[in-house]
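**Student:** Structure provided below as structure tokens; questions to follow.
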Amino acid sequence: MTALRIFSYLPNPRVFKAMIAAELCGASLEIVGDKPAKLAHWLWDYDARELSAHEQTADSPHARSSQRGFTGTLYKTDAFLASQPFGTVPCAFSPGGDVGIFESNSILRAVVRLSEQQHSLYGTDGYSASRVDSFLDASLVFAREAQVYLLGMSKMQQQTHARMASAYEFYMQGVENALQHTSHLVDNNLSIADIAFVCDLAQFLREGHYKDELDGSGFTLISDQALQQYPTALGHMLALSETPAFRKHMGTYLDWYRRQHDL
Ligand SMILES: N[C@@H](CCC(=O)N[C@@H](CS)C(=O)NCC(=O)O)C(=O)O
């Protein structure tokens, strides 16, 4: 039985988290969505669907101003907003849509909680599960800063760049420190903390696509020395991203990074 229905623009590294976890713990997901630019032409709902041209009008009862990451109008039903109070994607629903789950790290948690298989992806006891949560929280703080930074790329501000540099150093140093003691973020087992780390960092590294624009406006590429500064953390991400479950769902997402760094 399908454990969760997920709606999002695709591909989306925030959705990769749930897909990788589902692959590893045998949970079944239904994933609905479209390319980022096309999602503005969808009805955001449990029964999400592409809208016809005549349904996309300013006086549509579903028309809402977009909030972050999108511009202009989005079409979200009242039921969608009741279920998804922040109105963001990715979003997930229990079968039938009674329970709305939001925030990619919480959707990730839901996947492994709903698995019917034995696994240790969410730790092995209350302590290790809480340590997994610690990393997921740290990861969200980093990812939120990265979201603001990447969305601000077309007109980079000094303050945005400085905040990102500081959040990046803080997060990456923490991960680097953790990996001096264990092979994975929580003990020596793969957990959803590693999955979130790989996906959030992979998304942030896309700042590399804007190197010329950043240079042109006098800003450095924050992750330029990542391999030298955080070799264990980067090595962990790259090694995991080559394993079958990650490779299957991340596809070629990191290939440009490997090429650029001769990896
Ligand atoms: N921290 C959230 C980020 C979700 C988010 O901000 N999604 C944006 C797109 S990147 C969104 O759905 N925006 C809807 C809007 O603009 O109304 C997560 O990890 O799920």
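Numbering starts fresh at 1 for the residues of each chain in the structure tokens, the chains themselves are lettered A, B, ... in the order given, and ligands are numbered from 1 as they appear.
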Per DSSP on the backbone, what are the strand (DSSP E or B) residues of range 39-251 of chain A, as a list of chain:residue names?
**Tutor:** A:Trp42, A:Leu43, A:Trp44, A:Arg49, A:Glu50, A:Ala63, A:Arg64, A:Ser65, A:Thr73, A:Leu74, A:Tyr75, A:Lys76, A:Cys91, A:Ala92, A:Phe93, A:Gly100, A:Ile101, A:Phe102, A:Leu121, A:Gly123, A:Val186, A:Asn189
**Student:** Give me a file of those residues, with N, CA, C and O atoms, as an mmCIF file, in the first residue's frame.
**Tutor:**
```cif
data_model
loop_
_atom_site.group_PDB
_atom_site.id
_atom_site.type_symbol
_atom_site.label_atom_id
_atom_site.label_comp_id
_atom_site.auth_asym_id
_atom_site.auth_seq_id
_atom_site.Cartn_x
_atom_site.Cartn_y
_atom_site.Cartn_z
ATOM 1 N N TRP A 42 -0.451 24.299 -12.078
ATOM 2 C CA TRP A 42 -1.134 23.154 -11.449
ATOM 3 C C TRP A 42 -2.058 23.646 -10.345
ATOM 4 O O TRP A 42 -1.829 24.697 -9.736
ATOM 5 N N LEU A 43 -3.067 22.824 -10.066
ATOM 6 C CA LEU A 43 -3.882 23.044 -8.877
ATOM 7 C C LEU A 43 -3.186 22.319 -7.733
ATOM 8 O O LEU A 43 -2.972 21.101 -7.799
ATOM 9 N N TRP A 44 -2.810 23.086 -6.706
ATOM 10 C CA TRP A 44 -2.135 22.503 -5.547
ATOM 11 C C TRP A 44 -3.218 21.957 -4.615
ATOM 12 O O TRP A 44 -3.992 22.720 -4.014
ATOM 13 N N ARG A 49 -3.519 18.535 -9.975
ATOM 14 C CA ARG A 49 -3.626 18.273 -11.415
ATOM 15 C C ARG A 49 -3.242 19.520 -12.182
ATOM 16 O O ARG A 49 -3.275 20.644 -11.639
ATOM 17 N N GLU A 50 -2.895 19.310 -13.445
ATOM 18 C CA GLU A 50 -2.571 20.437 -14.305
ATOM 19 C C GLU A 50 -3.871 21.175 -14.637
ATOM 20 O O GLU A 50 -4.903 20.533 -14.883
ATOM 21 N N ALA A 63 -6.608 31.177 -6.593
ATOM 22 C CA ALA A 63 -5.437 32.014 -6.907
ATOM 23 C C ALA A 63 -4.844 32.606 -5.624
ATOM 24 O O ALA A 63 -5.557 33.182 -4.803
ATOM 25 N N ARG A 64 -3.562 32.429 -5.433
ATOM 26 C CA ARG A 64 -2.854 32.969 -4.241
ATOM 27 C C ARG A 64 -1.526 33.554 -4.708
ATOM 28 O O ARG A 64 -0.920 33.031 -5.649
ATOM 29 N N SER A 65 -1.070 34.542 -3.975
ATOM 30 C CA SER A 65 0.269 35.067 -4.274
ATOM 31 C C SER A 65 1.302 34.072 -3.791
ATOM 32 O O SER A 65 1.194 33.568 -2.668
ATOM 33 N N THR A 73 1.326 34.151 -9.409
ATOM 34 C CA THR A 73 0.170 33.463 -8.827
ATOM 35 C C THR A 73 0.360 31.950 -8.816
ATOM 36 O O THR A 73 0.885 31.366 -9.766
ATOM 37 N N LEU A 74 -0.084 31.354 -7.718
ATOM 38 C CA LEU A 74 -0.175 29.890 -7.642
ATOM 39 C C LEU A 74 -1.630 29.556 -7.355
ATOM 40 O O LEU A 74 -2.367 30.388 -6.805
ATOM 41 N N TYR A 75 -2.018 28.350 -7.690
ATOM 42 C CA TYR A 75 -3.416 27.944 -7.492
ATOM 43 C C TYR A 75 -3.472 26.864 -6.407
ATOM 44 O O TYR A 75 -3.094 25.726 -6.640
ATOM 45 N N LYS A 76 -3.885 27.280 -5.203
ATOM 46 C CA LYS A 76 -3.918 26.371 -4.051
ATOM 47 C C LYS A 76 -5.354 26.313 -3.542
ATOM 48 O O LYS A 76 -5.958 27.369 -3.309
ATOM 49 N N CYS A 91 5.142 18.623 -0.318
ATOM 50 C CA CYS A 91 4.202 18.336 0.748
ATOM 51 C C CYS A 91 3.771 16.886 0.608
ATOM 52 O O CYS A 91 3.885 16.304 -0.478
ATOM 53 N N ALA A 92 3.317 16.327 1.715
ATOM 54 C CA ALA A 92 2.921 14.912 1.681
ATOM 55 C C ALA A 92 1.563 14.772 2.350
ATOM 56 O O ALA A 92 1.158 15.613 3.163
ATOM 57 N N PHE A 93 0.882 13.703 1.973
ATOM 58 C CA PHE A 93 -0.456 13.421 2.511
ATOM 59 C C PHE A 93 -0.545 11.951 2.869
ATOM 60 O O PHE A 93 -0.015 11.092 2.135
ATOM 61 N N GLY A 100 -1.815 16.111 6.586
ATOM 62 C CA GLY A 100 -0.830 16.802 5.755
ATOM 63 C C GLY A 100 0.502 16.864 6.480
ATOM 64 O O GLY A 100 0.547 17.166 7.674
ATOM 65 N N ILE A 101 1.559 16.583 5.761
ATOM 66 C CA ILE A 101 2.908 16.618 6.347
ATOM 67 C C ILE A 101 3.744 17.542 5.472
ATOM 68 O O ILE A 101 3.684 17.454 4.242
ATOM 69 N N PHE A 102 4.482 18.445 6.118
ATOM 70 C CA PHE A 102 5.262 19.421 5.352
ATOM 71 C C PHE A 102 6.665 19.488 5.933
ATOM 72 O O PHE A 102 6.938 18.890 6.975
ATOM 73 N N LEU A 121 17.243 3.308 10.113
ATOM 74 C CA LEU A 121 17.422 4.618 9.473
ATOM 75 C C LEU A 121 17.036 5.780 10.382
ATOM 76 O O LEU A 121 17.416 6.926 10.123
ATOM 77 N N GLY A 123 17.737 5.704 13.732
ATOM 78 C CA GLY A 123 18.411 5.332 14.970
ATOM 79 C C GLY A 123 17.918 3.990 15.482
ATOM 80 O O GLY A 123 17.061 3.341 14.880
ATOM 81 N N VAL A 186 25.327 9.430 12.646
ATOM 82 C CA VAL A 186 24.871 8.849 13.922
ATOM 83 C C VAL A 186 25.410 7.421 13.987
ATOM 84 O O VAL A 186 24.990 6.555 13.222
ATOM 85 N N ASN A 189 26.038 3.723 11.393
ATOM 86 C CA ASN A 189 24.945 3.266 10.530
ATOM 87 C C ASN A 189 24.421 4.414 9.684
ATOM 88 O O ASN A 189 24.286 5.545 10.176
#
```
**Student:** Counting only C-alpha atoms and all ligand atoms, what are the residues of chain A within 7 Å of ligand 1, and for each of them which pair of atoms is the nearest and at what distance in Å, to one decimal? Sort the table by chain and rising number, as CSV.
**Tutor:**
```
residue,atom,partner,partner_atom_place_in_ligand_line,distance
A:Arg14,CA,ligand 1,19 (O),5.8
A:Ser65,CA,ligand 1,17 (O),6.6
A:Ser66,CA,ligand 1,17 (O),3.6
A:Gln67,CA,ligand 1,16 (O),3.5
A:Arg68,CA,ligand 1,16 (O),3.8
A:Gly69,CA,ligand 1,10 (S),4.3
A:Phe70,CA,ligand 1,16 (O),4.5
A:Thr71,CA,ligand 1,16 (O),6.7
A:Leu74,CA,ligand 1,17 (O),6.8
A:Gly87,CA,ligand 1,17 (O),5.8
A:Thr88,CA,ligand 1,12 (O),3.1
A:Val89,CA,ligand 1,12 (O),3.8
A:Pro90,CA,ligand 1,20 (O),5.3
A:Phe102,CA,ligand 1,20 (O),6.2
A:Glu103,CA,ligand 1,20 (O),3.5
A:Ser104,CA,ligand 1,20 (O),3.9
A:Asn105,CA,ligand 1,19 (O),6.2
A:Leu140,CA,ligand 1,1 (N),6.5
A:Ala143,CA,ligand 1,1 (N),6.9
A:Arg144,CA,ligand 1,1 (N),6.0
```
**Student:** How many Å lie between CA of Ser139 in chain A and CA of Leu201 in chain A, rounded to one decimal?
**Tutor:** 8.8 Å
**Student:** Please compute the CA of Ala40 in chain A-CA of Tyr9 in chain A distance, one decimal, in Å.
**Tutor:**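 Answer for the CA of Ala40 in chain A to CA of Tyr9 in chain A separation: 9.5 Å.
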**Student:** Pick out the residues sitting within 8 Å of Tyr149 in chain A, and hand them over as a CSV table (one decimal) with all heavy atoms, in the first residue's frame; count only C-alpha atoms, and ignore anything fewer than 6 positions along from it in its own chain.
**Tutor:**
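Result went into around-v7.csv, see below:
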```csv
chain,number,residue,atom,x,y,z
A,156,MET,N,22.9,39.5,-5.7
A,156,MET,CA,23.5,39.1,-4.4
A,156,MET,C,23.7,40.4,-3.5
A,156,MET,O,24.3,41.4,-4.0
A,156,MET,CB,24.8,38.3,-4.6
A,156,MET,CG,25.4,37.8,-3.3
A,156,MET,SD,24.2,36.8,-2.3
A,156,MET,CE,23.7,35.5,-3.4
A,160,THR,N,23.4,38.8,2.7
A,160,THR,CA,23.0,37.5,2.4
A,160,THR,C,24.2,36.6,2.2
A,160,THR,O,24.2,35.4,2.7
A,160,THR,CB,22.1,37.5,1.0
A,160,THR,OG1,21.1,38.5,1.2
A,160,THR,CG2,21.6,36.2,0.7
A,161,HIS,N,25.2,37.1,1.5
A,161,HIS,CA,26.4,36.3,1.3
A,161,HIS,C,27.1,36.0,2.6
A,161,HIS,O,27.5,34.9,2.9
A,161,HIS,CB,27.3,37.0,0.3
A,161,HIS,CG,28.5,36.2,-0.1
A,161,HIS,ND1,29.7,36.2,0.5
A,161,HIS,CD2,28.6,35.4,-1.2
A,161,HIS,CE1,30.5,35.4,-0.1
A,161,HIS,NE2,29.9,34.8,-1.1
A,164,MET,N,25.2,33.4,4.6
A,164,MET,CA,25.4,32.1,4.1
A,164,MET,C,26.8,31.5,4.4
A,164,MET,O,26.9,30.3,4.8
A,164,MET,CB,25.2,32.1,2.5
A,164,MET,CG,25.2,30.8,1.9
A,164,MET,SD,23.8,29.8,2.3
A,164,MET,CE,24.5,28.4,3.2
```
**Student:** Name the closest residue to Leu234 in chain A among the candidates A:Glu176, A:Asp78, A:Asp45, A:Glu116; distances are taken between atoms, counting only C-alpha atoms.
**Tutor:**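 Selected residue with least distance to Leu234 in chain A: A:Glu176.
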**Student:** Apply DSSP to the structure's backbone, then extract all residues of range 81-261 of chain A labelled alpha helix (DSSP H) and return them as a PyMOL selection string.
**Tutor:** chain A and resi 81-83+104-114+126-151+158-178+192-204+211-216+226-229+231-241+244-250+255-260
**Student:** Which residues of range 88-118 of chain A have any atom within 7 Å of an atom in range 17-24 of chain A when counting only C-alpha atoms, and what is the closest pair of atoms for each, with the distance in Å to one decimal? Order the rows by chain and rising number and write it as CSV.
**Tutor:**
```
residue,atom,partner,partner_atom,distance
A:Ile107,CA,A:Ala18,CA,6.5
A:Leu108,CA,A:Ala18,CA,4.7
A:Val111,CA,A:Ala22,CA,6.1
A:Val112,CA,A:Ala21,CA,6.6
```
**Student:** Can I get the selected residues back with all heavy atoms, as a PDB file, in the first residue's frame?
**Tutor:**
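The new file selection.pdb reads:
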```pdb
ATOM      1  N   ILE A 107       8.886  14.991   6.126  1.00  0.00           N
ATOM      2  CA  ILE A 107       8.400  13.991   5.155  1.00  0.00           C
ATOM      3  C   ILE A 107       9.364  12.803   5.161  1.00  0.00           C
ATOM      4  O   ILE A 107       8.948  11.634   5.128  1.00  0.00           O
ATOM      5  CB  ILE A 107       8.259  14.631   3.757  1.00  0.00           C
ATOM      6  CG1 ILE A 107       7.227  15.783   3.812  1.00  0.00           C
ATOM      7  CG2 ILE A 107       7.863  13.587   2.723  1.00  0.00           C
ATOM      8  CD1 ILE A 107       7.156  16.648   2.555  1.00  0.00           C
ATOM      9  N   LEU A 108      10.646  13.113   5.256  1.00  0.00           N
ATOM     10  CA  LEU A 108      11.675  12.062   5.348  1.00  0.00           C
ATOM     11  C   LEU A 108      11.449  11.192   6.594  1.00  0.00           C
ATOM     12  O   LEU A 108      11.482   9.959   6.530  1.00  0.00           O
ATOM     13  CB  LEU A 108      13.042  12.753   5.384  1.00  0.00           C
ATOM     14  CG  LEU A 108      14.291  11.939   5.665  1.00  0.00           C
ATOM     15  CD1 LEU A 108      14.508  10.880   4.590  1.00  0.00           C
ATOM     16  CD2 LEU A 108      15.519  12.869   5.727  1.00  0.00           C
ATOM     17  N   VAL A 111       8.479   8.866   6.114  1.00  0.00           N
ATOM     18  CA  VAL A 111       8.750   7.691   5.260  1.00  0.00           C
ATOM     19  C   VAL A 111       9.303   6.547   6.110  1.00  0.00           C
ATOM     20  O   VAL A 111       8.823   5.408   6.034  1.00  0.00           O
ATOM     21  CB  VAL A 111       9.740   8.063   4.133  1.00  0.00           C
ATOM     22  CG1 VAL A 111      10.214   6.820   3.393  1.00  0.00           C
ATOM     23  CG2 VAL A 111       9.103   9.052   3.163  1.00  0.00           C
ATOM     24  N   VAL A 112      10.302   6.838   6.930  1.00  0.00           N
ATOM     25  CA  VAL A 112      10.923   5.730   7.670  1.00  0.00           C
ATOM     26  C   VAL A 112      10.042   5.257   8.828  1.00  0.00           C
ATOM     27  O   VAL A 112      10.059   4.082   9.192  1.00  0.00           O
ATOM     28  CB  VAL A 112      12.365   6.067   8.136  1.00  0.00           C
ATOM     29  CG1 VAL A 112      13.278   6.203   6.924  1.00  0.00           C
ATOM     30  CG2 VAL A 112      12.426   7.328   8.979  1.00  0.00           C
TER      31      VAL A 112
END
```
**Student:** Record the distance separating CA of Phe16 in chain A and CA of Thr2 in chain A, expressed in Å with one decimal.
**Tutor:**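 CA of Phe16 in chain A sits 17.1 Å away from CA of Thr2 in chain A.
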**Student:** Here is a test: counting only C-alpha atoms, which residue of A:Ile6, A:Met250, A:Ala202, A:Ala239 is nearest to Gly33 in chain A?
**Tutor:**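 Smallest distance to Gly33 in chain A is found for A:Ile6.
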**Student:** Which residues are close to Lys211 in chain A, i.e. within 10 Å by only C-alpha atoms, leaving aside same-chain residues fewer than 4 positions away? Reply as a list in words.
**Tutor:**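 Once the nearby chain positions are removed, what remains is Arg206, Glu207, Asp215, Gly216, Phe219, Thr220, Leu221, Ile222 and Asp224 of chain A.
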**Student:** Between A:Gln203, A:Ser217, A:Gln56, A:Gln225, which is the closest to Leu254 in chain A once you count only C-alpha atoms?
**Tutor:**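 Among the listed residues, A:Gln203 lies closest to Leu254 in chain A.
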**Student:** Which residue out of A:Ala79, A:Ser8, A:Pro36, A:Tyr230 has the minimum interatomic distance to Phe170 in chain A when only C-alpha atoms are used?
**Tutor:** A:Tyr230
**Student:** Measuring between only C-alpha atoms, which one of A:Asn188, A:Ala129, A:Pro13, A:Ala196 shows the shortest distance to Val141 in chain A?
**Tutor:**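 Going through A:Asn188, A:Ala129, A:Pro13, A:Ala196 one by one, the smallest distance to Val141 in chain A is for A:Ala196.
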**Student:** For Ser94 in chain A, please output as a list in words all residues within 7 Å (counting only C-alpha atoms; exclusion window: fewer than 4 positions along the same chain).
**Tutor:**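 Answer for this query is Ala3, Leu4, Arg5, Asp98, Val99 and Gly100 of chain A.
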**Student:** For the residues in that selection, give me C-alpha atoms as a compact mmCIF listing (two decimals), in the first residue's frame.
**Tutor:**
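What follows is the written file result_22.txt:
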```txt
# COMPACT_ATOMS: atom_id res chain seq x y z
CA ALA A 3 2.38 5.07 2.51
CA LEU A 4 2.42 8.70 1.35
CA ARG A 5 1.48 10.83 -1.59
CA ASP A 98 -6.52 13.39 6.03
CA VAL A 99 -3.05 14.21 7.38
CA GLY A 100 -0.83 16.80 5.75
```
